[in-house]
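Right, one structure below, let's go through it.
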Amino acid sequence: MTSGLLVEAATRVGALELAARVEVERGCLALAGPSGAGKTTLLRIAAGLLRPARGLVHCDGDVWLDTAAGADLPPERRRCGVVFQHYALFPHLSAHDNVAYGLRRLPRPERRRRAAELLERFGLAERAGARPRDLSGGERQRVALARALAPRPRALLLDEPLSALDARTRAGARRELASLLRGAGVPVLLVTHDFAEAAQLADEVAVLDTGRIVQRGAPAALALSPASAFVADFTGASVLVGMARPAPDGLTAVALEGGGEIASTDSATGPVAATVDPWEVAVAPADRPPGPTSARNRLSATVATVTPLGNRARVGLETPQPLTAELTGAAVRDLRLAPGDRVVATWKATATRLVAR
Amino acid sequence: MTSGLLVEAATRVGALELAARVEVERGCLALAGPSGAGKTTLLRIAAGLLRPARGLVHCDGDVWLDTAAGADLPPERRRCGVVFQHYALFPHLSAHDNVAYGLRRLPRPERRRRAAELLERFGLAERAGARPRDLSGGERQRVALARALAPRPRALLLDEPLSALDARTRAGARRELASLLRGAGVPVLLVTHDFAEAAQLADEVAVLDTGRIVQRGAPAALALSPASAFVADFTGASVLVGMARPAPDGLTAVALEGGGEIASTDSATGPVAATVDPWEVAVAPADRPPGPTSARNRLSATVATVTPLGNRARVGLETPQPLTAELTGAAVRDLRLAPGDRVVATWKATATRLVAR
Amino acid sequence: GGGGAPTLKVSAAASLKTAFTPYGASFSPARAAFSFAGSDELAAQIRQGVKPDVFASANTRLPAQLYAAGKLERPVDFAANRLVLAVPARGGKVHSLAAAAQPGVKVVVGSSTVPIGAYTRQVLARLGPGTARGILANVRSEEPDVSSVVAKLTQGAADAGFVYVTDVRAAGGRLRAIGLPVRAQPRVVYAAAVVRGTGHPRQARAFVRGLLSGPGRRALLAAGFEPPPR
Amino acid sequence: MTSRRPGWFVAATVLGLAFALAFLFLPIVGILADVPPGELVSRLDDGTSLDALRLSLETTAISLGIIVAVGTPVACLLATRRFRGRALVETLLELPLVLPPAVAGIGLLAAFGPQGLLGSALDDAGLGIALTTGGVVAAQTFVASPFYLRQAQAAFGALDPALAEASRTLGAGEAATFGRVVVPGAAGGLVTGAALAWGRALGEFGATLIVAGSFRGISQTAPLAIFASFSSDFTAALALSAVLLAVSGALLLGVKLLTGEAAP
Amino acid sequence: MTSRRPGWFVAATVLGLAFALAFLFLPIVGILADVPPGELVSRLDDGTSLDALRLSLETTAISLGIIVAVGTPVACLLATRRFRGRALVETLLELPLVLPPAVAGIGLLAAFGPQGLLGSALDDAGLGIALTTGGVVAAQTFVASPFYLRQAQAAFGALDPALAEASRTLGAGEAATFGRVVVPGAAGGLVTGAALAWGRALGEFGATLIVAGSFRGISQTAPLAIFASFSSDFTAALALSAVLLAVSGALLLGVKLLTGEAAP
Ligand SMILES: Nc1ncnc2c1ncn2[C@@H]1O[C@H](COP(=O)(O)OP(=O)(O)OP(=O)(O)O)[C@@H](O)[C@H]1O
Ligand SMILES: Nc1ncnc2c1ncn2[C@@H]1O[C@H](COP(=O)(O)OP(=O)(O)OP(=O)(O)O)[C@@H](O)[C@H]1O
Ligand SMILES: [Mg+2]
Ligand SMILES: [Mg+2]
């Protein structure tokens with residue numbers, strides 16, 4: 001029996017067959033995966049809002065659910081803090097009363113004190129009297145967090161806590177959330193669509209796809225060796241699909257769909273996805289191709305987009321499969337890259353990972 | 001009279017006093033700005049969905065609105081393609097019928113042909129019969145775009161076309177949108193919250209704040225010399241607020257709120273915001289501070305977050321004002337940076353821009 | 001109306017239904033269409049300017065009033081009726097007039113504003129004071145028309161009620177009549193009149209005339225009505 | 001709510017539901033239980049019941065047509081435009097709901113009857129309501145329209161206004177937008193409202209009696225026929241009630257299943 | 001919609017609104033116009049009208065209490081749980097809506113009357129409905145409850161289910177969640193539904209007459225008193241109607257203004 005939170009469930013929801021197990025000791029586990037993978041469903045099972053056909057939920061040694069033993073604690077007795085995707089703040093209550101909602105068992109003055117203390121801690125002291133509809137997105141997120149934390153929960157479940165925020169507010173809110181989660185002191189399960197968010201907030205990432213955990217590890221480990229094309233895509237790598245066959249020198253050649261061939265030091269045969277990180281890809285004009293280099297992979301491409309990002313630029317290429325290169329701003333200026341230009345993209349066989357599709 | 005789209009309006013909506021003018025020749029102008037700035041309001045005025053107290057809308061030499069002259073074309077006669085923030089697809093119509101909706105004046109076979117052609121072009125041929133609720137977010141966006149383009153509009157207005165998408169779908173959708181907007185051949189006005197999006201999709205960015213255009217220029221120009229703290233924040237730079245006073249050597253010293261002093265080569269006095277791009281900021285351990293360098297600015301800081309991003313890492317610092325540094329992955333590993341570490345952040349006075357707050 | 005014969009609209013007291021329906025079927029100068037309701041409702045309609053062709057009331061007061069107001073031609077008395085105490089045919093607890101005065105019996109009467117209610121009050125006034133007081137104390141409802149009184153009895157909601165003898169006959173065996181002493185019997189006279197301004201004065205007058213002799217009179221007698229007093 | 005086993009509260013609520021069902025449904029059982037089914041059918045053979053049923057169906061169809069035709073755009077107007085006195089207008093449109101039907105009848109006569117505010121004008125135009133089938137329609141329209149208006153208003157209010165705006169930018173004028181986007185988008189609520197209004201019109205009794213009387217083939221609708229045969233032929237009254245119930249129950253259920261299926 | 005000058009379609013709709021207002025409001029004007037205001041007031045002095053008004057207010061308060069107490073959780077159940085036969089249950093709960101009031105009265109007697117399915121048991125328990133004030137309440141509850149149920153169900157259905165779930169995870173059981181989150185969240189719709197049901201109960205006539213009769217102080221509610229004084233004292237009938245209208249109009253308007261203000 002683990003000391004943190006264990007959620008294991010096998011059940012059918014709608015068309016989805018969920019069969020997954022996640023464990024979080026202290027710290028934060030990010031649950032990532034495409035839409036409809038079952039992330040929310042798993043959180044709901046942990047919180048007791050959904051009962052799986054078969055399942056097990058333990059928290060700090062207590063049994064919250066054990067379908068085999070017929071044990072099932074209702075949600076109100078699990079002390080499990082949940083931040084819902086759209087926050088689900090009570091619209092008829094002020095920020096203060098939302099936060100105080102879970103403190104009913106405390107005597108009134110103490111309840112007031114604790115709610116005020118949490119509002120203060122989240123920088124909401126001045127908005128205590130405001131109704132949710134009068135709060136900005138970031139303020140709502142903080143009220144939702146404060147509300148979930150108020151009854152001192154034994155586990156914290158967050159369902160895409162940042163996705164309802166606009167991009168500008170999100171960066172700040174993410175920083176706040178990160179510092180908060182470090183101090184939470186309880187196991188945290190965080191659902192997210194965004195790899196950068198997972199990397200910043202979580203110690204580990206578990207990737208859920210159509211109801212199954214397909215990979216689990218530290219964010220950097222996932223980026224380094226994604227277990228599937230989906231994971232690679234999720235981490236921001238480019239994914240090129242094709243058919244692999246053995247080639248000389250211990251290399252694997254991949255004939256890409258839509259044309260072109262590339263090489264990898266990984267070995268595989270049959271349909272594969274080849275992944276490459278954007279910063280591994282170099283670009284040269286098609287009329288002045290680079291001389292012989294150690295980079296084995298060369299693809300003719302058309303520049304689709306050039307996006308300056310600070311002192312770098314992301315260049316979207318069509319090979320015809322989409323490929324992203326990240327160059328320094330200087331390189332882009334020197335090459336005078338513009339959409340429509342014909343170029344050659346090059347990268348090393350060692351930077352090309354092959355994964356099953 | 002311009003050859004593209006001109007929108008000029010002075011009006012009051014709710015608590016907002018809007019007084020702005022934007023012009024787009026061919027190409028795409030991004031309209032950025034915080035929530036409630038009036039971006040959607042301006043689009044609605046352009047489309048004829050809202051009539052301003054005083055205003056002027058011209059398109060390709062035609063007058064759509066001229067309150068002074070009493071001219072006001074209803075929306076249905078403006079031929080102005082609009083992509084709404086949540087797409088506003090007709091829920092009772094299939095994807096095909098949504099796209100064909102604006103083609104009522106064509107004879108039926110031709111209408112069918114054009115709708116099918118657009119669906120094909122947007123990779124939706126197989127989803128033609130699906131209702132909006134059965135489409136994924138990315139597919140919906142494409143249907144909305146196809147629908148807006150079907151009647152060959154004379155201008156295109158996009159209200160945060162990507163914000164309803166999850167982060168994974170968004171990157172792909174953004175690439176598609178970029179290539180599409182290049183081929184649109186009509187003036188495009190695009191509302192966005194996201195600087196990267198503006199940079200990738202638009203030729204120019206106009207920043208709207210509480211109803212007024214505060215800056216306008218190419219994305220790179222905005223990043224280089226933001227006109228306000230808001231613009232700097234929007235472009236991803238760190239913003240530190242303080243009081244400026246003249247200092248020796250033609251420099252300006254800024255006493256930061258919360259402590260610390262930095263220098264800038266820009267000149268200013270009084271309350272200012274100092275901005276610095278993350279890649280300009282270097283980090284050293286507090287117990288091994290860097291020796292004398294040309295970098296004039298030095299602030300003690302605590303590491304709040306370390307986010308690996310590919311071969312780099314973003315380090316969130318508390319100085320106590322928040323400051324972001326972008327380091328190579330190698331630097332982070334060498335320094336063994338972890339949240340809670342005490343560090344010294346350094347950057348050059350020339351990289352410090354001062355803007356009014 | 002089909003077949004060239006005009007449609008004659010006859011507004012008639014609810015209690016006349018069993019007599020007027022067969023009469024209407026045999027009435028040849030026009031197709032007679034009936035609206036049966038409380039006489040007072042029908043009078044209220046006519047007062048509001050509504051113009052049926054004929055109005056037949058369960059009393060003489062309402063037609064006289066409307067005649068005075070210029071809404072009707074001169075009314076004629078065409079039938080008489082008798083009041084009885086009606087009780088459910090089976091399982092009732094009231095078997096005599098006196099029993100209706102016992103405590104615990106539920107009695108329904110017509111509201112004093114409708115003919116049946118006015119007549120009932122006359123009856124009670126002429127009964128012995130003991131019986132009258134006992135029955136009045138047992139009254140649980142004052143119904144707006146005689147049909148409602150009948151319905152209360154057939155539904156078992158009440159134990160006894162004052163209705164016309166024709167109603168008991170029309171109830172098809174579900175009610176039983178307990179006769180009233182002759183001295184208590186009020187003068188129940190029905191009057192009918194042609195409505196002023198009717199579009200079919202000839203047929204309307206023929207209809208009213210028919211009530212006094214011929215098929216109308218026969219139908220009335222068959223339904224249990226009596227000829228009007230001279 | 002959750003998908004867990006029900007707690008005491010849900011159990012109590014289910015009990016409440018059973019109670020409500022019993023209370024609202026037992027009277028209907030009571031009506032049907034009183035008459036043997038064979039007799040129900042045979043009683044309908046007589047022409048009066050069939051005439052009444054036919055008149056009821058015809059007049060309610062016309063009333064519903066008027067209510068829907070006028071009420072749909074009006075409800076949309078009330079749902080989407082804010083103007084001073086909107087609450088007052090809405091209340092006025094809802095007042096017929098609380099009027100005792102007999103008073104409603106008198107009111108209709110006072111307004112549109114031969115001596116009414118507009119009476120002679122209407123009579124001259126051949127639109128007299130007193131003792132005519134038109135009066136039946138007027139009475140039904142008067143008592144039933146608030147049901148439709150209220151439900152339609154809610155349906156229009158729930159519609160995303162961006163849909164209508166999108167339609168406008170795609171070249172459809174206000175009327176085309178209303179017909180092609182707004183009405184289909186609110187269809188579920190409109191159909192439910194129409195079903196309710198139809199049900200109320202079908203049951204209308206008091207106002208019809210006062211305005212139009214109870215003339216077979218002209219104004220004796222099913223409820224009036226039921227009332228007329230109460231004292232004389234109780235079984236016939238019950239038979240007609242049962243048919244009325246069956247027809248309207250089937251309609252309500254059908255509408256519910258249809259709109260339930262159509263909803264996402 | 002837009003904030004532009006209205007096109008022909010909007011103009012036509014406004015015309016429709018004016019037409020609807022005229023049609024629904026003129027009868028009310030007609031009632032009031034027939035009687036001088038001074039006389040209206042003086043006619044209320046007589047005890048019958050006041051008794052009737054008092055009885056109406058008392059019984060409708062009780063009926064509404066029953067409807068709200070039982071109907072609120074039931075509506076929530078129907079709105080949030082999916083189960084087989086839900087459409088059927090909903091239809092059964094709505095049937096009273098289409099029942100002619102007189103038939104409803106017959107049905108109530110057939111079910112709960114002295115000779116009804118449950119009659120003797122109820123009578124023995126002192127809950128007899130025939131010719132009692134209890135019968136008035138039963139009739140009002142029967143005809144008015146579908147109005148509340150339907151509106152409440154819509155209000156609960158529109159509530160984000162995540163709110164109830166959030167409440168559960170914050171330590172509130174099902175009943176506490178219902179009382180502290182679900183009901184306040186649906187309050188607007190519940191109040192509107194209650195106002196409609198109250199209006200319908202206040203105007204109830206036919207079923208009350210059949211079940212409870214018309215006896216001053218026991219079962220003669222305002223609509224029955226109005227009806228009773230039709231022929232003898234038309235002015236008194238109109239005076240009472242006017243009061244009924246004023247009271248219910250004020251209530252509907254008040255509720256609308258209140259909930260309109262509370263809404264975002
Ligand atoms: N109440 C329900 N009825 C039917 N199907 C459901 C229900 N809830 C969830 N599902 C199905 O279960 C699957 C998983 O849903 P879930 O909400 O857990 O996905 P998710 O990973 O959270 O997706 P997203 O990222 O879009 O939130 C989906 O395919 C959905 O269609
Ligand atoms: N119909 C309205 N009634 C009252 N106020 C309104 C209305 N529409 C807009 N506003 C106000 O006008 C201001 C500008 O709104 P607008 O929607 O144009 O902002 P925006 O820049 O698009 O913001 P966001 O990024 O949140 O979409 C807001 O403060 C809003 O409150
Ligand atoms: Mg989810
Ligand atoms: Mg906006």
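In the structure tokens, chains take the letters A, B, ... in the order shown, each chain's residues start at 1, and ligands count up from 1 in the order shown.
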Expected answer as a ChimeraX atom specification: alpha helix (DSSP H) residues in segment 83-329 of chain B: /B:95-100,108-121,137-149,167-184,195-201,219-224,229-235,329
Step by step, measure atom-to-atom distances between ligand 4 and each residue using only C-alpha atoms and all ligand atoms, keep those at most 12 Å, then write them as a list in words.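 Going residue by residue within 12 Å of ligand 4, we get Asp166 of chain A; Leu31, Ala32, Gly33, Pro34, Ser35, Gly36, Ala37, Gly38, Lys39, Thr40, Thr41, Leu42, Leu43, Arg44, Val83, Phe84, Gln85, His86, Leu158, Asp159, Glu160, Pro161, Ser163, Leu190, Val191, Thr192, His193 and Leu208 of chain B.
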Do you know which residues are at most 10 Å from Val123 of chain C counting only C-alpha atoms, after dropping those on the same chain fewer than 2 positions away, and could you put them as an MDAnalysis selection string? chainID C and resid 83:84 117:121 125:128 132 162 180:187
Those residues you just picked out, can you put them in a file as a compact mmCIF listing (two decimals), in the first residue's frame with all heavy atoms?
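Result went into out_25.txt, see below:
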```
# COMPACT_ATOMS: atom_id res chain seq x y z
N LEU C 83 -89.36 20.15 -8.09
CA LEU C 83 -88.14 19.88 -7.35
C LEU C 83 -88.31 18.58 -6.58
O LEU C 83 -89.40 18.25 -6.11
CB LEU C 83 -87.83 21.01 -6.37
CG LEU C 83 -86.67 21.92 -6.79
CD1 LEU C 83 -87.08 22.66 -8.06
CD2 LEU C 83 -86.31 22.88 -5.69
N VAL C 84 -87.19 17.86 -6.44
CA VAL C 84 -87.18 16.66 -5.59
C VAL C 84 -85.88 16.70 -4.80
O VAL C 84 -84.95 17.44 -5.14
CB VAL C 84 -87.22 15.37 -6.42
CG1 VAL C 84 -88.57 15.23 -7.12
CG2 VAL C 84 -86.06 15.31 -7.41
N GLY C 117 -81.19 27.12 -7.29
CA GLY C 117 -80.86 27.54 -5.92
C GLY C 117 -81.99 28.38 -5.33
O GLY C 117 -82.36 28.22 -4.16
N ALA C 118 -82.55 29.28 -6.16
CA ALA C 118 -83.65 30.12 -5.68
C ALA C 118 -84.84 29.25 -5.31
O ALA C 118 -85.46 29.42 -4.25
CB ALA C 118 -84.03 31.12 -6.77
N TYR C 119 -85.13 28.25 -6.19
CA TYR C 119 -86.25 27.36 -5.90
C TYR C 119 -86.00 26.57 -4.62
O TYR C 119 -86.90 26.37 -3.79
CB TYR C 119 -86.48 26.39 -7.06
CG TYR C 119 -86.91 27.07 -8.35
CD1 TYR C 119 -86.40 26.67 -9.57
CD2 TYR C 119 -87.86 28.09 -8.33
CE1 TYR C 119 -86.79 27.29 -10.75
CE2 TYR C 119 -88.25 28.71 -9.50
CZ TYR C 119 -87.72 28.31 -10.71
OH TYR C 119 -88.11 28.92 -11.87
N THR C 120 -84.76 26.10 -4.46
CA THR C 120 -84.44 25.30 -3.28
C THR C 120 -84.71 26.11 -2.02
O THR C 120 -85.22 25.59 -1.02
CB THR C 120 -82.98 24.86 -3.34
OG1 THR C 120 -82.79 24.10 -4.53
CG2 THR C 120 -82.60 24.01 -2.14
N ARG C 121 -84.39 27.37 -2.05
CA ARG C 121 -84.60 28.20 -0.87
C ARG C 121 -86.10 28.39 -0.58
O ARG C 121 -86.52 28.45 0.57
CB ARG C 121 -83.87 29.52 -1.02
CG ARG C 121 -82.41 29.36 -0.60
CD ARG C 121 -81.47 30.40 -1.15
NE ARG C 121 -80.09 30.03 -0.84
CZ ARG C 121 -79.42 29.09 -1.47
NH1 ARG C 121 -79.98 28.42 -2.46
NH2 ARG C 121 -78.18 28.80 -1.13
N ALA C 125 -87.87 27.22 2.83
CA ALA C 125 -88.67 28.17 3.60
C ALA C 125 -90.05 27.59 3.93
O ALA C 125 -90.66 27.98 4.92
CB ALA C 125 -88.81 29.48 2.83
N ARG C 126 -90.51 26.67 3.08
CA ARG C 126 -91.85 26.14 3.30
C ARG C 126 -91.84 24.84 4.08
O ARG C 126 -92.90 24.31 4.40
CB ARG C 126 -92.56 25.92 1.97
CG ARG C 126 -92.77 27.24 1.21
CD ARG C 126 -93.39 26.96 -0.13
NE ARG C 126 -93.31 28.15 -0.97
CZ ARG C 126 -93.65 28.17 -2.24
NH1 ARG C 126 -94.09 27.06 -2.81
NH2 ARG C 126 -93.54 29.27 -2.94
N LEU C 127 -90.67 24.26 4.29
CA LEU C 127 -90.59 23.07 5.12
C LEU C 127 -90.66 23.50 6.57
O LEU C 127 -90.51 24.67 6.90
CB LEU C 127 -89.30 22.31 4.87
CG LEU C 127 -89.19 21.61 3.50
CD1 LEU C 127 -87.82 21.02 3.33
CD2 LEU C 127 -90.27 20.54 3.36
N GLY C 128 -90.85 22.50 7.43
CA GLY C 128 -90.87 22.83 8.84
C GLY C 128 -89.55 23.42 9.26
O GLY C 128 -88.49 23.08 8.69
N ALA C 132 -85.79 22.41 7.92
CA ALA C 132 -85.07 23.42 7.12
C ALA C 132 -83.74 23.77 7.77
O ALA C 132 -82.70 23.81 7.10
CB ALA C 132 -85.94 24.67 6.98
N PHE C 162 -81.00 18.99 -3.87
CA PHE C 162 -82.27 19.37 -4.49
C PHE C 162 -82.05 19.61 -5.97
O PHE C 162 -81.21 20.44 -6.34
CB PHE C 162 -82.83 20.63 -3.81
CG PHE C 162 -83.28 20.38 -2.41
CD1 PHE C 162 -82.42 20.55 -1.34
CD2 PHE C 162 -84.58 19.94 -2.16
CE1 PHE C 162 -82.83 20.31 -0.04
CE2 PHE C 162 -85.00 19.70 -0.86
CZ PHE C 162 -84.12 19.88 0.21
N LEU C 180 -91.10 15.84 -2.53
CA LEU C 180 -91.27 16.89 -1.53
C LEU C 180 -92.77 17.05 -1.25
O LEU C 180 -93.60 16.79 -2.13
CB LEU C 180 -90.69 18.21 -2.05
CG LEU C 180 -89.24 18.17 -2.48
CD1 LEU C 180 -88.82 19.53 -3.02
CD2 LEU C 180 -88.37 17.77 -1.31
N PRO C 181 -93.10 17.49 -0.07
CA PRO C 181 -94.50 17.76 0.23
C PRO C 181 -95.06 18.77 -0.76
O PRO C 181 -94.34 19.72 -1.15
CB PRO C 181 -94.46 18.37 1.64
CG PRO C 181 -93.12 18.04 2.19
CD PRO C 181 -92.21 17.77 1.06
N VAL C 182 -96.28 18.60 -1.16
CA VAL C 182 -96.88 19.47 -2.17
C VAL C 182 -96.84 20.93 -1.73
O VAL C 182 -96.56 21.83 -2.52
CB VAL C 182 -98.33 19.04 -2.46
CG1 VAL C 182 -98.98 19.99 -3.44
CG2 VAL C 182 -98.35 17.62 -2.98
N ARG C 183 -97.03 21.16 -0.44
CA ARG C 183 -97.08 22.54 0.03
C ARG C 183 -95.70 23.23 -0.10
O ARG C 183 -95.60 24.46 -0.18
CB ARG C 183 -97.54 22.58 1.49
CG ARG C 183 -96.56 21.91 2.43
CD ARG C 183 -97.02 21.85 3.87
NE ARG C 183 -96.32 20.79 4.58
CZ ARG C 183 -95.07 20.91 5.04
NH1 ARG C 183 -94.41 22.04 4.86
NH2 ARG C 183 -94.51 19.89 5.65
N ALA C 184 -94.66 22.42 -0.14
CA ALA C 184 -93.32 23.01 -0.25
C ALA C 184 -92.91 23.26 -1.70
O ALA C 184 -91.94 23.96 -1.97
CB ALA C 184 -92.29 22.10 0.42
N GLN C 185 -93.61 22.63 -2.62
CA GLN C 185 -93.21 22.69 -4.03
C GLN C 185 -93.31 24.11 -4.59
O GLN C 185 -94.37 24.73 -4.51
CB GLN C 185 -94.15 21.77 -4.82
CG GLN C 185 -93.66 21.39 -6.22
CD GLN C 185 -92.29 20.75 -6.26
OE1 GLN C 185 -91.36 21.35 -6.80
NE2 GLN C 185 -92.15 19.57 -5.67
N PRO C 186 -92.19 24.67 -5.11
CA PRO C 186 -92.26 26.02 -5.68
C PRO C 186 -92.84 25.98 -7.09
O PRO C 186 -93.01 24.91 -7.66
CB PRO C 186 -90.80 26.45 -5.71
CG PRO C 186 -90.06 25.17 -5.90
CD PRO C 186 -90.86 24.08 -5.23
N ARG C 187 -93.10 27.15 -7.57
CA ARG C 187 -93.59 27.25 -8.93
C ARG C 187 -92.36 27.34 -9.86
O ARG C 187 -91.70 28.38 -9.95
CB ARG C 187 -94.41 28.54 -9.03
CG ARG C 187 -95.51 28.55 -10.05
CD ARG C 187 -96.24 29.88 -9.96
NE ARG C 187 -95.73 30.83 -10.94
CZ ARG C 187 -96.25 30.98 -12.15
NH1 ARG C 187 -97.27 30.25 -12.52
NH2 ARG C 187 -95.75 31.85 -13.01
```
Using only C-alpha atoms, which residues sit within 12 Å of Ala250 of chain E once same-chain residues fewer than 2 positions away are excluded, as a list in words?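 Listed by chain and then number, they are Ala87, Leu88, Thr91, Leu92, Glu94, Leu95 and Val98 of chain D; Ala195, Gly199, Ala242, Val243, Leu244, Leu245, Ala246, Val247, Ser248, Leu252, Leu253, Gly254, Val255, Lys256, Leu257 and Leu258 of chain E.
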Counting only C-alpha atoms, a student should be able to say which residues of chain D come within 9 Å of chain B; what is the right answer, written as JSON, numbers by chain? {"D": [160, 161, 162, 163, 164, 165, 166, 167, 168, 169, 170, 171, 172, 173, 174, 181, 184, 185, 264]}
Which residue of B:Ala304, B:Val355, B:Leu181, B:Ala286 approaches Ser267 of chain B most closely, using only C-alpha atoms: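 Checking each of B:Ala304, B:Val355, B:Leu181, B:Ala286 against Ser267 of chain B, counting only C-alpha atoms, the winner is B:Val355.
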So that I can see what lies close to Trp279 of chain B, please list as a ChimeraX atom specification the residues with an atom at most 7 Å from it, counting only C-alpha atoms and leaving out residues fewer than 4 positions away in the same chain. /B:325-327
All residues 9 Å or closer to segment 68-72 of chain B, only C-alpha atoms, same chain fewer than 2 positions away omitted, as a list in words: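 The contact residues come out as Gly48, Arg51, Arg54, Gly55, Leu56, Val63, Trp64, Leu65, Asp66 and Pro74 of chain B; Arg4 of chain E.
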Those same residues - C-alpha atoms - I'd like them written as a PDB file, in the first residue's frame.
```
ATOM      1  CA  GLY B  48     -21.803  45.789 -39.110  1.00  0.00           C
ATOM      2  CA  ARG B  51     -23.174  50.554 -34.790  1.00  0.00           C
ATOM      3  CA  ARG B  54     -19.370  57.863 -34.579  1.00  0.00           C
ATOM      4  CA  GLY B  55     -17.445  55.783 -37.027  1.00  0.00           C
ATOM      5  CA  LEU B  56     -16.226  55.037 -40.489  1.00  0.00           C
ATOM      6  CA  VAL B  63     -18.298  52.926 -47.778  1.00  0.00           C
ATOM      7  CA  TRP B  64     -19.752  50.393 -45.343  1.00  0.00           C
ATOM      8  CA  LEU B  65     -20.364  52.865 -42.576  1.00  0.00           C
ATOM      9  CA  ASP B  66     -20.134  56.595 -42.294  1.00  0.00           C
ATOM     10  CA  PRO B  74     -26.361  46.062 -42.908  1.00  0.00           C
TER      11      PRO B  74
ATOM     12  CA  ARG E   4     -28.642  48.702 -35.758  1.00  0.00           C
TER      13      ARG E   4
END
```
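Taking atom CA of Leu131 of chain D and atom CA of Ser219 of chain D as endpoints, the distance between them is 7.1 Å.
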For chain D, which of C:Pro227, C:Pro201, C:Gly172, C:Pro129 is the closest residue, counting only C-alpha atoms?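 Of C:Pro227, C:Pro201, C:Gly172, C:Pro129, the one nearest chain D is C:Gly172, counting only C-alpha atoms.
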Any idea which chain E residues end up within 6 Å of chain D if we count only C-alpha atoms, as a list of chain:residue names please? E:Phe9, E:Thr13, E:Gly16, E:Leu17, E:Leu26, E:Pro27, E:Ile28, E:Gly30, E:Ile31, E:Val70, E:Pro73, E:Val74, E:Thr91, E:Val98, E:Leu99, E:Pro100, E:Gly107, E:Leu108, E:Ala110, E:Ala111, E:Ala175, E:Gly199, E:Arg200, E:Gly203, E:Pro223, E:Leu253
Near chain C, which residues of chain D fall within 7 Å when you count only C-alpha atoms, and what do they look like as a PyMOL selection string? chain D and resi 109-110+113-115+130+210+213-216+228+230-232
Could you list, as a count of residues only, the residues of chain A having an atom within 9 Å of chain B when counting only C-alpha atoms? 41
One decimal, in Å: what's the spacing between atom CA of Leu251 of chain B and atom CA of Gly217 of chain B? 27.1 Å
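The list of residues with at least one atom within 8 Å of Ala186 of chain E, based on only C-alpha atoms and without residues fewer than 6 positions apart in the same chain, reads Ala152, Ala155, Phe156 and Leu159 of chain E.
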Could you tell me how far atom CA of Leu85 of chain C sits from atom CA of Ala19 of chain C, in Å to one decimal place?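 Distance between the two atoms: 20.9 Å.
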